[in-house]
Amino acid sequence: MTTTITQNLIENVEVSLKPTNLILSGKVSRYDGNLLECDGFPANIGAICEVETDQGTKEKAEVVGFNNGNNCLSLFQPGAQIKSGLTVSLKDDGYSIPVGLNLLGRVIDALGKPLDGDHIPLLRDTWPLNGVQLNPLLRKPVTDPLDVGIRGINGLLTVGQGQRIGIIAGSGVGKSVLLGMMSKNTNADVIVVGLIGERGREVGKFVNDILTSEAKSRTVVVAVPADRSPLLRIRGANRATAIAEFFRDRGKNVLLIMDSLTRVAHARREIGLALGEQPTAKGYPPSVVSLIPKLVERSGTGIGTQGSITAFYTILADGDDNNDPVVDTARAILDGHILLSREQTQLGIYPALDIPNSISRVMTEITSIEHQETANKFRRLVSLYLENRDLILMGGYSAGQDPELDEAVNLWPALVSYLQQTQDIKADFESSKDDLEKVLSG
């Protein structure tokens, strides 16, 4: 009898401790084409919901804020036919994404759906969409160079495994071509490419070029074209970075290419202004300034047996303005920058590397003193020639007045030849160094 009474008491206690079923849906109360509000139900920022439409279909939306107890959401496909009173239900908390080796060789969108016409086998691993913070004091230092297959970068702007570097340029000076060359020629274990906010034609061309080369078996592409919603563009950037973090955690040396960081910033600006943030310089709200370092700091070297993420972020300098707020913010947080010059393109020099105005902040830590001295001399000769080019062309300079300028003029054809590289040529790290020494030795 005593045992039965005790069991009943335990069962009653267990029943009373069971959580009540939470209501994970609500009704639309307001919709203005960009944002919608619905009844408040438990959902964190970034959670994915499904919204009924007047046509009986369901559209996905993301929770972006709260207002007077209501949930504020933004649709992934704006312009859907939604009326007040339709149901909004929680689909996914948005915290983790599925990842795995089966992603290699595939093209996916911001939600992980395949874009290459085939299904993706089951992915058994997961990774937080917004990453895992690492203790900066435990991160390994950058000690080894990464061969990117481009002579001008290997020899003059040597990139280290785990370095974060920006490619800054205006439109139409060859950023996408440069990224394509790196993707095909690098010796990284895994290549993750985030094509964020680019033209659909550029996305198709880039994917077709990369995934037909031998690099296909180690490449993952996350593509979110310019006509997608700003939420999807940001989610695509986070997904590409999360995939890179997953492979780094498995000890791989990853090359992460983000094209472009500026489009991600523009997407954050659209969302911030829609939520009522006050615009600052050039219309960018404060959330943009916090987004860039948060995204960039996720790449870099790992801890212990982890690998590294070497990241290249393209940054569009609107109107060739290299003091744009996004350019300034990124340049301050990155480990170096490569400036592409429109003047170089006009001279027919591709890739259009502006060597005097570019810098790799870790080059001195991963290269020999001899290599550094040779690269500095090359940089000095290029800068000296470009500063006096107009004077030389006008015939206002006579040989013998400045020995170093004489050397720059005599070596200029060889300097240009070293910088020029066609898309089908691969220049490994050692040959890049050897060719650099040969050029300066005359």
# chains A, B, ... in the order shown; residues from 1 in each chain; ligands from 1
$ residues_around --residues "stretch 229-245 of chain A" --least-positions-apart "2" --cutoff "7 Å" --atoms "only C-alpha atoms" --output "JSON, numbers by chain"
{"A": [76, 77, 99, 109, 110, 127, 128, 129, 130, 131, 192, 193, 194, 196, 197, 222, 224, 227, 247, 248, 249, 254, 256, 264, 267, 268, 270, 271, 309]}
$ write_last_selection --atoms "C-alpha atoms" --output "compact mmCIF listing (two decimals), in the first residue's frame"
# COMPACT_ATOMS: atom_id res chain seq x y z
CA PHE A 76 12.42 36.19 -47.83
CA GLN A 77 10.28 36.93 -50.89
CA VAL A 99 27.00 20.63 -42.78
CA ASP A 109 21.55 28.94 -51.72
CA ALA A 110 21.21 30.85 -48.45
CA TRP A 127 27.21 24.02 -37.04
CA PRO A 128 25.94 27.30 -35.53
CA LEU A 129 24.94 29.70 -38.31
CA ASN A 130 26.52 32.63 -36.45
CA GLY A 131 29.66 30.70 -35.55
CA VAL A 192 34.32 27.96 -49.79
CA VAL A 193 32.97 30.67 -52.08
CA GLY A 194 30.21 33.04 -51.02
CA ILE A 196 26.61 37.44 -52.21
CA GLY A 197 24.57 40.06 -54.04
CA VAL A 222 26.95 29.52 -51.60
CA VAL A 224 22.69 34.48 -53.33
CA ASP A 227 17.60 40.01 -56.65
CA PHE A 247 35.99 22.37 -42.17
CA ARG A 248 38.52 24.35 -40.10
CA ASP A 249 37.29 22.46 -37.02
CA VAL A 254 40.27 26.55 -45.87
CA LEU A 256 37.09 31.47 -47.91
CA VAL A 264 26.41 42.21 -47.26
CA ALA A 267 21.76 44.25 -47.09
CA ARG A 268 22.27 45.11 -43.42
CA GLU A 270 18.28 47.90 -45.87
CA ILE A 271 17.18 45.92 -42.83
CA ILE A 309 40.49 29.94 -42.69
$ residues_around --residues "A:Val289" --least-positions-apart "4" --cutoff "12 Å" --atoms "only C-alpha atoms" --output "list of chain:residue names"
A:Thr262, A:Val264, A:Ala265, A:His266, A:Arg268, A:Arg269, A:Gly272, A:Pro279, A:Thr280, A:Ala281, A:Gly283, A:Tyr284, A:Pro285, A:Pro293, A:Lys294, A:Leu295, A:Val296, A:Pro325, A:Val326, A:Val327, A:Asp328, A:Thr329, A:Ala330, A:Ala332, A:Ile333
$ write_last_selection --atoms "N, CA and C atoms" --output "PDB file, in the first residue's frame"
ATOM      1  N   THR A 262      30.739  44.257 -49.409  1.00  0.00           N
ATOM      2  CA  THR A 262      29.946  45.483 -49.558  1.00  0.00           C
ATOM      3  C   THR A 262      28.467  45.169 -49.743  1.00  0.00           C
ATOM      4  N   VAL A 264      26.909  42.618 -48.582  1.00  0.00           N
ATOM      5  CA  VAL A 264      26.406  42.206 -47.261  1.00  0.00           C
ATOM      6  C   VAL A 264      26.093  43.436 -46.423  1.00  0.00           C
ATOM      7  N   ALA A 265      26.986  44.437 -46.474  1.00  0.00           N
ATOM      8  CA  ALA A 265      26.753  45.678 -45.735  1.00  0.00           C
ATOM      9  C   ALA A 265      25.512  46.404 -46.255  1.00  0.00           C
ATOM     10  N   HIS A 266      25.321  46.405 -47.578  1.00  0.00           N
ATOM     11  CA  HIS A 266      24.129  47.031 -48.144  1.00  0.00           C
ATOM     12  C   HIS A 266      22.861  46.326 -47.672  1.00  0.00           C
ATOM     13  N   ARG A 268      22.484  44.727 -44.827  1.00  0.00           N
ATOM     14  CA  ARG A 268      22.269  45.112 -43.423  1.00  0.00           C
ATOM     15  C   ARG A 268      21.719  46.526 -43.327  1.00  0.00           C
ATOM     16  N   ARG A 269      22.132  47.405 -44.241  1.00  0.00           N
ATOM     17  CA  ARG A 269      21.616  48.772 -44.251  1.00  0.00           C
ATOM     18  C   ARG A 269      20.120  48.776 -44.564  1.00  0.00           C
ATOM     19  N   GLY A 272      18.329  47.523 -41.427  1.00  0.00           N
ATOM     20  CA  GLY A 272      18.418  48.491 -40.334  1.00  0.00           C
ATOM     21  C   GLY A 272      17.506  49.688 -40.538  1.00  0.00           C
ATOM     22  N   PRO A 279      20.246  56.563 -39.802  1.00  0.00           N
ATOM     23  CA  PRO A 279      21.403  56.489 -40.705  1.00  0.00           C
ATOM     24  C   PRO A 279      22.522  57.416 -40.250  1.00  0.00           C
ATOM     25  N   THR A 280      23.754  57.001 -40.526  1.00  0.00           N
ATOM     26  CA  THR A 280      24.922  57.832 -40.198  1.00  0.00           C
ATOM     27  C   THR A 280      25.642  58.150 -41.510  1.00  0.00           C
ATOM     28  N   ALA A 281      26.939  57.913 -41.585  1.00  0.00           N
ATOM     29  CA  ALA A 281      27.703  58.264 -42.780  1.00  0.00           C
ATOM     30  C   ALA A 281      27.208  57.496 -43.990  1.00  0.00           C
ATOM     31  N   GLY A 283      24.400  57.009 -45.114  1.00  0.00           N
ATOM     32  CA  GLY A 283      23.170  56.252 -44.912  1.00  0.00           C
ATOM     33  C   GLY A 283      23.342  54.923 -44.220  1.00  0.00           C
ATOM     34  N   TYR A 284      24.550  54.589 -43.766  1.00  0.00           N
ATOM     35  CA  TYR A 284      24.759  53.318 -43.082  1.00  0.00           C
ATOM     36  C   TYR A 284      24.383  53.449 -41.609  1.00  0.00           C
ATOM     37  N   PRO A 285      23.481  52.588 -41.100  1.00  0.00           N
ATOM     38  CA  PRO A 285      23.161  52.618 -39.672  1.00  0.00           C
ATOM     39  C   PRO A 285      24.264  51.955 -38.854  1.00  0.00           C
ATOM     40  N   PRO A 293      33.039  43.556 -38.495  1.00  0.00           N
ATOM     41  CA  PRO A 293      34.020  42.833 -37.667  1.00  0.00           C
ATOM     42  C   PRO A 293      33.492  41.505 -37.136  1.00  0.00           C
ATOM     43  N   LYS A 294      32.189  41.421 -36.879  1.00  0.00           N
ATOM     44  CA  LYS A 294      31.616  40.174 -36.384  1.00  0.00           C
ATOM     45  C   LYS A 294      31.773  39.063 -37.418  1.00  0.00           C
ATOM     46  N   LEU A 295      31.599  39.411 -38.688  1.00  0.00           N
ATOM     47  CA  LEU A 295      31.733  38.424 -39.762  1.00  0.00           C
ATOM     48  C   LEU A 295      33.194  38.104 -40.043  1.00  0.00           C
ATOM     49  N   VAL A 296      34.029  39.124 -40.082  1.00  0.00           N
ATOM     50  CA  VAL A 296      35.444  38.935 -40.439  1.00  0.00           C
ATOM     51  C   VAL A 296      36.185  38.148 -39.364  1.00  0.00           C
ATOM     52  N   PRO A 325      32.704  54.373 -46.069  1.00  0.00           N
ATOM     53  CA  PRO A 325      32.634  53.824 -44.703  1.00  0.00           C
ATOM     54  C   PRO A 325      32.863  52.320 -44.628  1.00  0.00           C
ATOM     55  N   VAL A 326      32.339  51.559 -45.591  1.00  0.00           N
ATOM     56  CA  VAL A 326      32.556  50.113 -45.578  1.00  0.00           C
ATOM     57  C   VAL A 326      34.026  49.798 -45.832  1.00  0.00           C
ATOM     58  N   VAL A 327      34.642  50.518 -46.767  1.00  0.00           N
ATOM     59  CA  VAL A 327      36.066  50.315 -47.059  1.00  0.00           C
ATOM     60  C   VAL A 327      36.903  50.628 -45.832  1.00  0.00           C
ATOM     61  N   ASP A 328      36.628  51.735 -45.177  1.00  0.00           N
ATOM     62  CA  ASP A 328      37.381  52.130 -43.987  1.00  0.00           C
ATOM     63  C   ASP A 328      37.240  51.117 -42.864  1.00  0.00           C
ATOM     64  N   THR A 329      35.998  50.706 -42.601  1.00  0.00           N
ATOM     65  CA  THR A 329      35.752  49.755 -41.513  1.00  0.00           C
ATOM     66  C   THR A 329      36.442  48.433 -41.775  1.00  0.00           C
ATOM     67  N   ALA A 330      36.332  47.933 -43.003  1.00  0.00           N
ATOM     68  CA  ALA A 330      36.949  46.656 -43.348  1.00  0.00           C
ATOM     69  C   ALA A 330      38.470  46.743 -43.311  1.00  0.00           C
ATOM     70  N   ALA A 332      40.303  48.528 -41.520  1.00  0.00           N
ATOM     71  CA  ALA A 332      40.797  48.628 -40.155  1.00  0.00           C
ATOM     72  C   ALA A 332      40.814  47.284 -39.440  1.00  0.00           C
ATOM     73  N   ILE A 333      39.936  46.355 -39.857  1.00  0.00           N
ATOM     74  CA  ILE A 333      39.822  45.082 -39.147  1.00  0.00           C
ATOM     75  C   ILE A 333      40.561  43.951 -39.846  1.00  0.00           C
TER      76      ILE A 333
END
$ residues_around --residues "A:Ile210" --least-positions-apart "3" --cutoff "9 Å" --atoms "only C-alpha atoms" --output "PyMOL selection string"
chain A and resi 180-181+183-184+205-207+213-216+219
$ closest_residue --among "A:Ala399, A:Arg164, A:Asp434, A:Arg263" --to "A:Glu370" --atoms "only C-alpha atoms"
A:Asp434
$ atom_distance --atom1 "atom CA of A:Phe66" --atom2 "atom CA of A:Ile48"
14.5 Å
$ closest_residue --among "A:Met363, A:Leu35, A:Leu73, A:Leu419" --to "A:Cys49" --atoms "only C-alpha atoms"
A:Leu73
$ closest_residue --among "A:Lys433, A:Arg389, A:Lys252, A:Lys282" --to "A:Thr305" --atoms "only C-alpha atoms"
A:Lys252
$ select_by_dssp --residues "stretch 279-439 of chain A" --states "strand (DSSP E)" --output "list in words"
Gly300, Thr301, Ser308, Ile309, Thr310, Ala311, Phe312, Tyr313, Thr314, Ile315, Leu316, Gly336, His337, Ile338, Leu339, Ile359 and Ser360 of chain A
$ atom_distance --atom1 "atom CA of A:Gln401" --atom2 "atom CA of A:Pro413"
20.4 Å
$ residues_around --residues "A:Ile167" --least-positions-apart "2" --cutoff "12 Å" --atoms "only C-alpha atoms" --output "VMD selection string"
chain A and resid 153 157 164 to 165 169 to 171 173 to 179 257 to 262 311 to 317 322 327 330 to 331 334 to 341 351 to 354 357 to 360
$ closest_residue --among "A:Arg228, A:Lys83, A:Arg361, A:Arg201" --to "A:Leu111" --atoms "only C-alpha atoms"
A:Arg228
$ select_by_dssp --residues "stretch 81-180 of chain A" --states "helix (DSSP H, G or I)" --output "mmCIF file with C-alpha atoms, in the first residue's frame"
data_model
loop_
_atom_site.group_PDB
_atom_site.id
_atom_site.type_symbol
_atom_site.label_atom_id
_atom_site.label_comp_id
_atom_site.auth_asym_id
_atom_site.auth_seq_id
_atom_site.Cartn_x
_atom_site.Cartn_y
_atom_site.Cartn_z
ATOM 1 C CA LEU A 101 31.585 16.458 -46.594
ATOM 2 C CA ASN A 102 28.712 15.964 -49.047
ATOM 3 C CA LEU A 103 28.681 19.728 -49.611
ATOM 4 C CA ARG A 151 52.573 35.590 -59.166
ATOM 5 C CA GLY A 152 52.027 39.198 -58.081
ATOM 6 C CA ILE A 153 50.379 38.196 -54.798
ATOM 7 C CA ASN A 154 52.718 35.306 -53.976
ATOM 8 C CA GLY A 155 55.833 37.376 -54.594
ATOM 9 C CA LEU A 156 54.885 40.893 -53.483
ATOM 10 C CA LYS A 175 37.784 41.427 -58.967
ATOM 11 C CA SER A 176 35.765 38.396 -60.060
ATOM 12 C CA VAL A 177 38.445 37.237 -62.488
ATOM 13 C CA LEU A 178 41.095 37.494 -59.772
ATOM 14 C CA LEU A 179 38.937 35.440 -57.381
ATOM 15 C CA GLY A 180 38.351 32.812 -60.045
#
$ atom_distance --atom1 "atom CA of A:Gly79" --atom2 "atom CA of A:Leu273"
18.2 Å
$ closest_residue --among "A:Asn185, A:Asp406, A:Glu387, A:Ile150" --to "A:Gln421" --atoms "only C-alpha atoms"
A:Ile150
$ residues_around --residues "A:Ser368" --least-positions-apart "5" --cutoff "12 Å" --atoms "only C-alpha atoms" --output "list in words"
Thr143, Asp144, Pro145, Gly155, Thr158, Met363, Glu373, Thr374, Ala375 and Lys433 of chain A
$ residues_around --residues "A:Gly251" --least-positions-apart "6" --cutoff "9 Å" --atoms "only C-alpha atoms" --output "ChimeraX atom specification"
/A:302,305-308
$ closest_residue --among "A:Leu24, A:Ile369, A:Val107, A:Leu134" --to "A:Asn71" --atoms "only C-alpha atoms"
A:Leu24
